[in-house]
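Colleague: One structure follows; several queries about it will come next.
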Amino acid sequence: MSNAFQKRTIAFQSRLAEVGVDVSVIFDADNIFYLSAFWGYLGMQFGRPTLLVIPDEGDCSIITPSLEAEMAHKMTWIEDIKEWSDGVGGEWRVCLDIIFKNEKNMKIGIEKNKTHPVITEFIKKAYPDVLVVDISNILSDMRMVKTPEEIETMHQAGQVSVAMCEGGKEAIAEGVPEYEVALAVIAAGTRKAAEFLTDVGSERLFSPMIHNLQVLQSGGPDISMVHRRPTVRRMNRGESVYMCFCEMNNFKGFKLGFDRQYWVGQVSKEEARLYEIAISAQAAALNMIHPGVIAEDVHMAAARIYQDAGFGLCYRTGRSVGFSLIEKPELKIGDKTLLRAGMTFAVDGAVSIPEKAAARVGDSIVVTENGYDYLTPFPKDLQVL
């Protein structure tokens, strides 16, 4: 596993050299994991940043709180782990000083839109002779097309998402509170994730636990609240139950998109009509997906379905997924990226009438040479439970 991370880092260093960047300071946790195989549980929410310093050639360094250092040593292939502690000296700043020493006229790369302002401002003030540039696109481009090994792990993540949905679906019934459905989702997903993990090497530090507040809402005026969370509300006959699993499944560092909706006891003609529109829009987008197609055109295929049904344009039909919940490219107006085999997307269909009704569906797929394959293969026909 470490070899794959090291190879990515070497490729990244080559790209830094090509654009004349002497060293990069990586802050984004997903990018740190992508290159180093390390992730920590402390971040700027506690005022404790972890940084990955990668020169255009030579050894790399991880700067991390001392509370995370033992785990870092056991997870990453990088040997230089620089620890810092709260209130001791200059904390993480001293670690950067040790690396940069008296270097001048360097070009330092950061992730402009992801690096915390505290880090950015320190670099600019502490090293006034350096040129700070944005290297976000380098990493975004590297992450667009997944390797066969990465896709294999994403297929496993897809099985975890499907298990989550199966668990939630089985719990849906008249009179059941929403939070009970969410608990069933967590339990089913955790057990499936545990099947793919071992207690060996760095893999033993991956947790199978499914976590984060799920997106889930049932019936009533709240059904059009796209991102409402489970409450104590009890489900009633004739209501729909919408479940989104996007923020919950973080399997071996990979994230997917996945949504399903079901009805309790019966479904009205209007809601059935809306659900058919959502399914048709997603299908139109999926039918467009194959190498060489422009990302924007996939979105427009779905948009035409909505317009023909009397609805307006949506912001996007899908987003690339993988090491982050949203990557590049996106299936939206203005994104002219050509699809390539190995790209992975969450592709959605959705319509909503505020405070009255809504219908949503979502899947993750991988682009293949001949079209696409599902990462989340699970039935999405209209189902009354």
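Chain lettering (A, B, ...) mirrors the order of the structure tokens, residue numbering begins at 1 for each chain separately, and ligand numbering begins at 1 in order of display.
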Give me, as CSV, each residue of stretch 125-160 of chain A that comes within 12 Å of stretch 229-245 of chain A, together with its shortest interatomic pair and the distance in Å at one decimal, counting only C-alpha atoms, with rows ordered by chain and rising residue number.

Modeller:
```
residue,atom,partner,partner_atom,distance
A:Ala157,CA,A:Phe245,CA,11.4
A:Gly158,CA,A:Phe245,CA,10.7
A:Val160,CA,A:Phe245,CA,10.1
```

Colleague: Output N, CA, C and O atoms for every residue in the selection just made, as a tab-separated table (two decimals), in the first residue's frame.

Modeller:
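Saved the output as result-v8.tsv:
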```
chain	number	residue	atom	x	y	z
A	157	ALA	N	-16.01	0.27	-1.21
A	157	ALA	CA	-16.75	1.36	-0.57
A	157	ALA	C	-18.19	1.38	-1.05
A	157	ALA	O	-19.12	1.67	-0.28
A	158	GLY	N	-18.38	1.04	-2.33
A	158	GLY	CA	-19.74	0.96	-2.86
A	158	GLY	C	-20.55	-0.12	-2.19
A	158	GLY	O	-21.75	0.07	-1.91
A	160	VAL	N	-20.16	-1.07	0.82
A	160	VAL	CA	-20.48	-0.54	2.14
A	160	VAL	C	-21.71	0.38	2.05
A	160	VAL	O	-22.63	0.30	2.88
```

Colleague: With a distance cut-off of 6 Å and only C-alpha atoms, select the neighbouring residues of stretch 248-262 of chain A, excluding the residue or stretch itself and same-chain residues fewer than 6 positions from it, and output the selection as a PyMOL selection string.

Modeller: chain A and resi 157+210-212+240-242+321-325+346+361-364+383

Colleague: Would you put the residues from that selection into a file with C-alpha atoms, as a PDB file, in the first residue's frame?

Modeller:
```
ATOM      1  CA  ALA A 157     -16.746   1.363  -0.574  1.00  0.00           C
ATOM      2  CA  ILE A 210     -19.826   4.592   9.872  1.00  0.00           C
ATOM      3  CA  HIS A 211     -20.222   8.084  11.273  1.00  0.00           C
ATOM      4  CA  ASN A 212     -21.442  11.660  10.710  1.00  0.00           C
ATOM      5  CA  SER A 240     -41.654   8.892   1.503  1.00  0.00           C
ATOM      6  CA  VAL A 241     -38.338   8.371   3.278  1.00  0.00           C
ATOM      7  CA  TYR A 242     -35.226   9.823   1.667  1.00  0.00           C
ATOM      8  CA  VAL A 321     -15.696  11.593  -6.098  1.00  0.00           C
ATOM      9  CA  GLY A 322     -12.800   9.636  -4.640  1.00  0.00           C
ATOM     10  CA  PHE A 323     -10.404  10.905  -2.016  1.00  0.00           C
ATOM     11  CA  SER A 324     -12.762  13.850  -1.399  1.00  0.00           C
ATOM     12  CA  LEU A 325     -16.530  14.301  -1.445  1.00  0.00           C
ATOM     13  CA  ALA A 346     -21.639  10.680  -8.230  1.00  0.00           C
ATOM     14  CA  VAL A 361     -31.824   9.297  -6.523  1.00  0.00           C
ATOM     15  CA  GLY A 362     -28.042   9.106  -6.710  1.00  0.00           C
ATOM     16  CA  ASP A 363     -25.310   6.631  -7.611  1.00  0.00           C
ATOM     17  CA  SER A 364     -21.556   6.508  -7.946  1.00  0.00           C
ATOM     18  CA  GLN A 383     -40.657   0.777  -4.048  1.00  0.00           C
TER      19      GLN A 383
END
```

Colleague: Work out how far atom CA of A:Ala4 is from atom CA of A:Gly292, in Å to one decimal.

Modeller: 27.2 Å

Colleague: As a short mmCIF file (atom, residue, chain, number, x, y, z; two decimals) with C-alpha atoms, in the first residue's frame, please: the residues near A:Val118 (cut-off 12 Å, only C-alpha atoms, same-chain neighbours under 6 positions excluded).

Modeller:
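File selection.cif, as written:
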```cif
data_model
loop_
_atom_site.label_atom_id
_atom_site.label_comp_id
_atom_site.auth_asym_id
_atom_site.auth_seq_id
_atom_site.Cartn_x
_atom_site.Cartn_y
_atom_site.Cartn_z
CA PHE A 27 -2.69 21.38 4.34
CA MET A 44 -7.52 23.44 12.79
CA GLY A 47 -5.91 24.86 16.38
CA ARG A 48 -3.58 21.96 15.61
CA PRO A 49 -2.60 21.73 11.94
CA TRP A 92 4.41 24.08 14.03
CA ARG A 93 6.04 27.29 12.87
CA LYS A 124 3.96 35.04 3.57
CA LYS A 125 5.13 37.02 6.61
CA ALA A 126 7.87 34.67 7.82
#
```

Colleague: For A:Asp129, please output as an mmCIF file with C-alpha atoms, in the first residue's frame all residues within 10 Å (counting only C-alpha atoms; exclusion window: fewer than 6 positions along the same chain).

Modeller:
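Output below, filename part-v2.cif:
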```cif
data_model
loop_
_atom_site.group_PDB
_atom_site.id
_atom_site.type_symbol
_atom_site.label_atom_id
_atom_site.label_comp_id
_atom_site.auth_asym_id
_atom_site.auth_seq_id
_atom_site.Cartn_x
_atom_site.Cartn_y
_atom_site.Cartn_z
ATOM 1 C CA GLU A 103 16.373 29.663 2.050
ATOM 2 C CA LYS A 104 15.547 32.704 -0.041
ATOM 3 C CA ASN A 105 13.973 33.328 -3.415
ATOM 4 C CA MET A 106 12.079 30.054 -3.218
ATOM 5 C CA LYS A 107 8.800 29.352 -4.921
#
```

Colleague: At a cut-off of 9 Å, using only C-alpha atoms, what residues contact A:Asp56? Leave out same-chain residues fewer than 3 positions from it and give the result as a ChimeraX atom specification.

Modeller: /A:10,12-18,20-24

Colleague: From a DSSP pass on the backbone, collect the residues of stretch 6-133 of chain A flagged as helix (DSSP H, G or I) and hand them back as an MDAnalysis selection string.

Modeller: chainID A and resid 6:18 29:36 44:46 66:75 92:100 117:126

Colleague: Which residues are near A:Ala341? Cut-off 12 Å, only C-alpha atoms, ignore same chain within fewer than 2 positions. Put them as a list of chain:residue names.

Modeller: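 Counting only the stated atoms, we get A:Met144, A:Val145, A:Lys146, A:Thr147, A:Pro148, A:Ile151, A:Ile289, A:His290, A:Pro291, A:Gly292, A:Val293, A:Leu338, A:Leu339, A:Met343, A:Thr344, A:Phe345, A:Ile365, A:Val366, A:Val367, A:Thr368, A:Glu369, A:Asn370, A:Gly371, A:Tyr372, A:Asp373.
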
Colleague: Emit the selected residues as a compact mmCIF listing (two decimals), in the first residue's frame, including N, CA, C and O atoms.

Modeller:
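The result, written out as part.txt:
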```txt
# COMPACT_ATOMS: atom_id res chain seq x y z
N MET A 144 -7.83 12.96 -10.86
CA MET A 144 -8.99 12.80 -11.74
C MET A 144 -9.22 11.35 -12.15
O MET A 144 -10.34 10.85 -12.09
N VAL A 145 -8.17 10.71 -12.63
CA VAL A 145 -8.30 9.34 -13.14
C VAL A 145 -7.75 8.38 -12.10
O VAL A 145 -6.58 8.46 -11.71
N LYS A 146 -8.60 7.45 -11.66
CA LYS A 146 -8.22 6.51 -10.62
C LYS A 146 -7.49 5.30 -11.22
O LYS A 146 -7.77 4.90 -12.35
N THR A 147 -6.60 4.74 -10.44
CA THR A 147 -5.89 3.52 -10.86
C THR A 147 -6.79 2.31 -10.64
O THR A 147 -7.77 2.39 -9.90
N PRO A 148 -6.47 1.18 -11.26
CA PRO A 148 -7.26 -0.04 -11.02
C PRO A 148 -7.35 -0.39 -9.54
O PRO A 148 -8.40 -0.85 -9.07
N ILE A 151 -9.81 1.97 -7.90
CA ILE A 151 -11.18 1.62 -8.29
C ILE A 151 -11.65 0.38 -7.55
O ILE A 151 -12.82 0.28 -7.15
N ILE A 289 -22.58 8.98 -20.55
CA ILE A 289 -21.23 8.81 -20.01
C ILE A 289 -20.42 7.77 -20.77
O ILE A 289 -20.78 6.60 -20.83
N HIS A 290 -19.36 8.23 -21.37
CA HIS A 290 -18.32 7.39 -21.94
C HIS A 290 -17.13 8.28 -22.28
O HIS A 290 -17.27 9.50 -22.36
N PRO A 291 -15.95 7.71 -22.47
CA PRO A 291 -14.76 8.53 -22.73
C PRO A 291 -14.95 9.46 -23.93
O PRO A 291 -15.54 9.09 -24.94
N GLY A 292 -14.45 10.68 -23.79
CA GLY A 292 -14.51 11.65 -24.87
C GLY A 292 -15.67 12.60 -24.80
O GLY A 292 -15.70 13.62 -25.49
N VAL A 293 -16.67 12.31 -23.96
CA VAL A 293 -17.82 13.20 -23.80
C VAL A 293 -17.44 14.38 -22.91
O VAL A 293 -16.66 14.23 -21.96
N LEU A 338 -13.03 16.67 -20.80
CA LEU A 338 -13.38 15.45 -21.51
C LEU A 338 -13.32 14.27 -20.56
O LEU A 338 -12.32 14.09 -19.85
N LEU A 339 -14.37 13.48 -20.53
CA LEU A 339 -14.39 12.30 -19.66
C LEU A 339 -13.37 11.28 -20.14
O LEU A 339 -13.15 11.10 -21.35
N MET A 343 -12.27 7.81 -14.51
CA MET A 343 -12.88 8.88 -13.71
C MET A 343 -14.07 8.30 -12.94
O MET A 343 -14.74 7.38 -13.41
N THR A 344 -14.33 8.83 -11.77
CA THR A 344 -15.42 8.32 -10.93
C THR A 344 -16.33 9.48 -10.54
O THR A 344 -15.85 10.53 -10.12
N PHE A 345 -17.63 9.27 -10.68
CA PHE A 345 -18.60 10.34 -10.44
C PHE A 345 -19.75 9.88 -9.55
O PHE A 345 -20.14 8.70 -9.58
N ILE A 365 -20.45 6.01 -10.02
CA ILE A 365 -20.07 5.17 -11.16
C ILE A 365 -18.59 5.40 -11.50
O ILE A 365 -17.99 6.40 -11.09
N VAL A 366 -18.03 4.49 -12.27
CA VAL A 366 -16.69 4.66 -12.82
C VAL A 366 -16.80 4.62 -14.34
O VAL A 366 -17.49 3.77 -14.91
N VAL A 367 -16.15 5.56 -15.00
CA VAL A 367 -16.15 5.59 -16.46
C VAL A 367 -15.25 4.47 -16.98
O VAL A 367 -14.11 4.31 -16.53
N THR A 368 -15.77 3.68 -17.93
CA THR A 368 -15.01 2.59 -18.53
C THR A 368 -14.75 2.91 -20.00
O THR A 368 -15.22 3.92 -20.53
N GLU A 369 -14.01 2.05 -20.66
CA GLU A 369 -13.71 2.26 -22.08
C GLU A 369 -14.98 2.28 -22.93
O GLU A 369 -15.04 2.93 -23.98
N ASN A 370 -16.01 1.55 -22.47
CA ASN A 370 -17.23 1.43 -23.26
C ASN A 370 -18.43 2.16 -22.66
O ASN A 370 -19.54 2.06 -23.20
N GLY A 371 -18.25 2.85 -21.56
CA GLY A 371 -19.37 3.53 -20.93
C GLY A 371 -19.10 3.75 -19.45
O GLY A 371 -18.25 4.55 -19.07
N TYR A 372 -19.81 3.00 -18.62
CA TYR A 372 -19.61 3.14 -17.18
C TYR A 372 -20.04 1.87 -16.47
O TYR A 372 -20.80 1.05 -17.00
N ASP A 373 -19.53 1.70 -15.25
CA ASP A 373 -19.96 0.64 -14.34
C ASP A 373 -20.42 1.28 -13.04
O ASP A 373 -19.87 2.30 -12.62
```

Colleague: Identify, with DSSP run on backbone atoms, the residues in stretch 219-272 of chain A assigned to strand (DSSP E or B), and express the list as an MDAnalysis selection string.

Modeller: chainID A and resid 234 240:244 250:251 254:255 259:263

Colleague: Filtering to C-alpha atoms, could you give me those residues as a compact mmCIF listing (two decimals), in the first residue's frame?

Modeller:
```
# COMPACT_ATOMS: atom_id res chain seq x y z
CA ARG A 234 -42.21 8.94 13.31
CA SER A 240 -41.65 8.89 1.50
CA VAL A 241 -38.34 8.37 3.28
CA TYR A 242 -35.23 9.82 1.67
CA MET A 243 -31.76 8.61 2.67
CA CYS A 244 -28.44 10.11 1.54
CA ASN A 250 -15.27 7.17 4.33
CA PHE A 251 -13.89 3.73 3.58
CA PHE A 254 -12.49 7.01 -0.23
CA LYS A 255 -15.82 8.85 -0.44
CA ASP A 259 -29.06 8.23 -2.40
CA ARG A 260 -32.29 6.25 -2.29
CA GLN A 261 -35.94 7.02 -1.55
CA TYR A 262 -38.79 4.73 -0.50
CA TRP A 263 -42.49 5.02 0.39
```

Colleague: Please provide the set of residues having any atom within 7 Å of stretch 62-77 of chain A, restricted to only C-alpha atoms, with same-chain residues fewer than 2 positions apart removed, written as a list in words.

Modeller: Ser2, Ser36, Ala37, Phe38, Gly40, Arg48, Pro49, Thr50, Leu51, Leu52, Val53, Glu79, Asp80, Ile81, Lys82, Glu83, Trp84, Ser85, Trp92, Cys95 and Ser202 of chain A

Colleague: Restricting it to C-alpha atoms, dump the selection as a PDB file, in the first residue's frame.

Modeller:
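Result file part.pdb:
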```pdb
ATOM      1  CA  SER A   2       2.797   2.428   0.876  1.00  0.00           C
ATOM      2  CA  SER A  36       1.537  10.143   2.510  1.00  0.00           C
ATOM      3  CA  ALA A  37      -1.038   7.495   3.624  1.00  0.00           C
ATOM      4  CA  PHE A  38      -1.385   9.417   6.889  1.00  0.00           C
ATOM      5  CA  GLY A  40      -4.869  12.456  11.820  1.00  0.00           C
ATOM      6  CA  ARG A  48      -3.585  21.958  15.615  1.00  0.00           C
ATOM      7  CA  PRO A  49      -2.603  21.729  11.943  1.00  0.00           C
ATOM      8  CA  THR A  50      -0.860  18.834  10.257  1.00  0.00           C
ATOM      9  CA  LEU A  51       1.256  19.795   7.260  1.00  0.00           C
ATOM     10  CA  LEU A  52       2.952  17.746   4.562  1.00  0.00           C
ATOM     11  CA  VAL A  53       6.065  19.398   3.123  1.00  0.00           C
ATOM     12  CA  GLU A  79      10.443   8.887   7.645  1.00  0.00           C
ATOM     13  CA  ASP A  80      10.803  12.523   8.724  1.00  0.00           C
ATOM     14  CA  ILE A  81       8.009  13.172  11.227  1.00  0.00           C
ATOM     15  CA  LYS A  82       8.402  16.522  12.950  1.00  0.00           C
ATOM     16  CA  GLU A  83       6.376  16.758  16.170  1.00  0.00           C
ATOM     17  CA  TRP A  84       5.184  19.879  17.881  1.00  0.00           C
ATOM     18  CA  SER A  85       3.257  20.545  21.095  1.00  0.00           C
ATOM     19  CA  TRP A  92       4.411  24.078  14.030  1.00  0.00           C
ATOM     20  CA  CYS A  95       9.128  22.972  12.248  1.00  0.00           C
ATOM     21  CA  SER A 202      -1.345   0.154   8.738  1.00  0.00           C
TER      22      SER A 202
END
```

Colleague: Which residue is closest to A:Asp348? Choose from A:Lys328, A:Glu174, A:Ile277, A:Leu183 and count only C-alpha atoms.

Modeller: A:Ile277
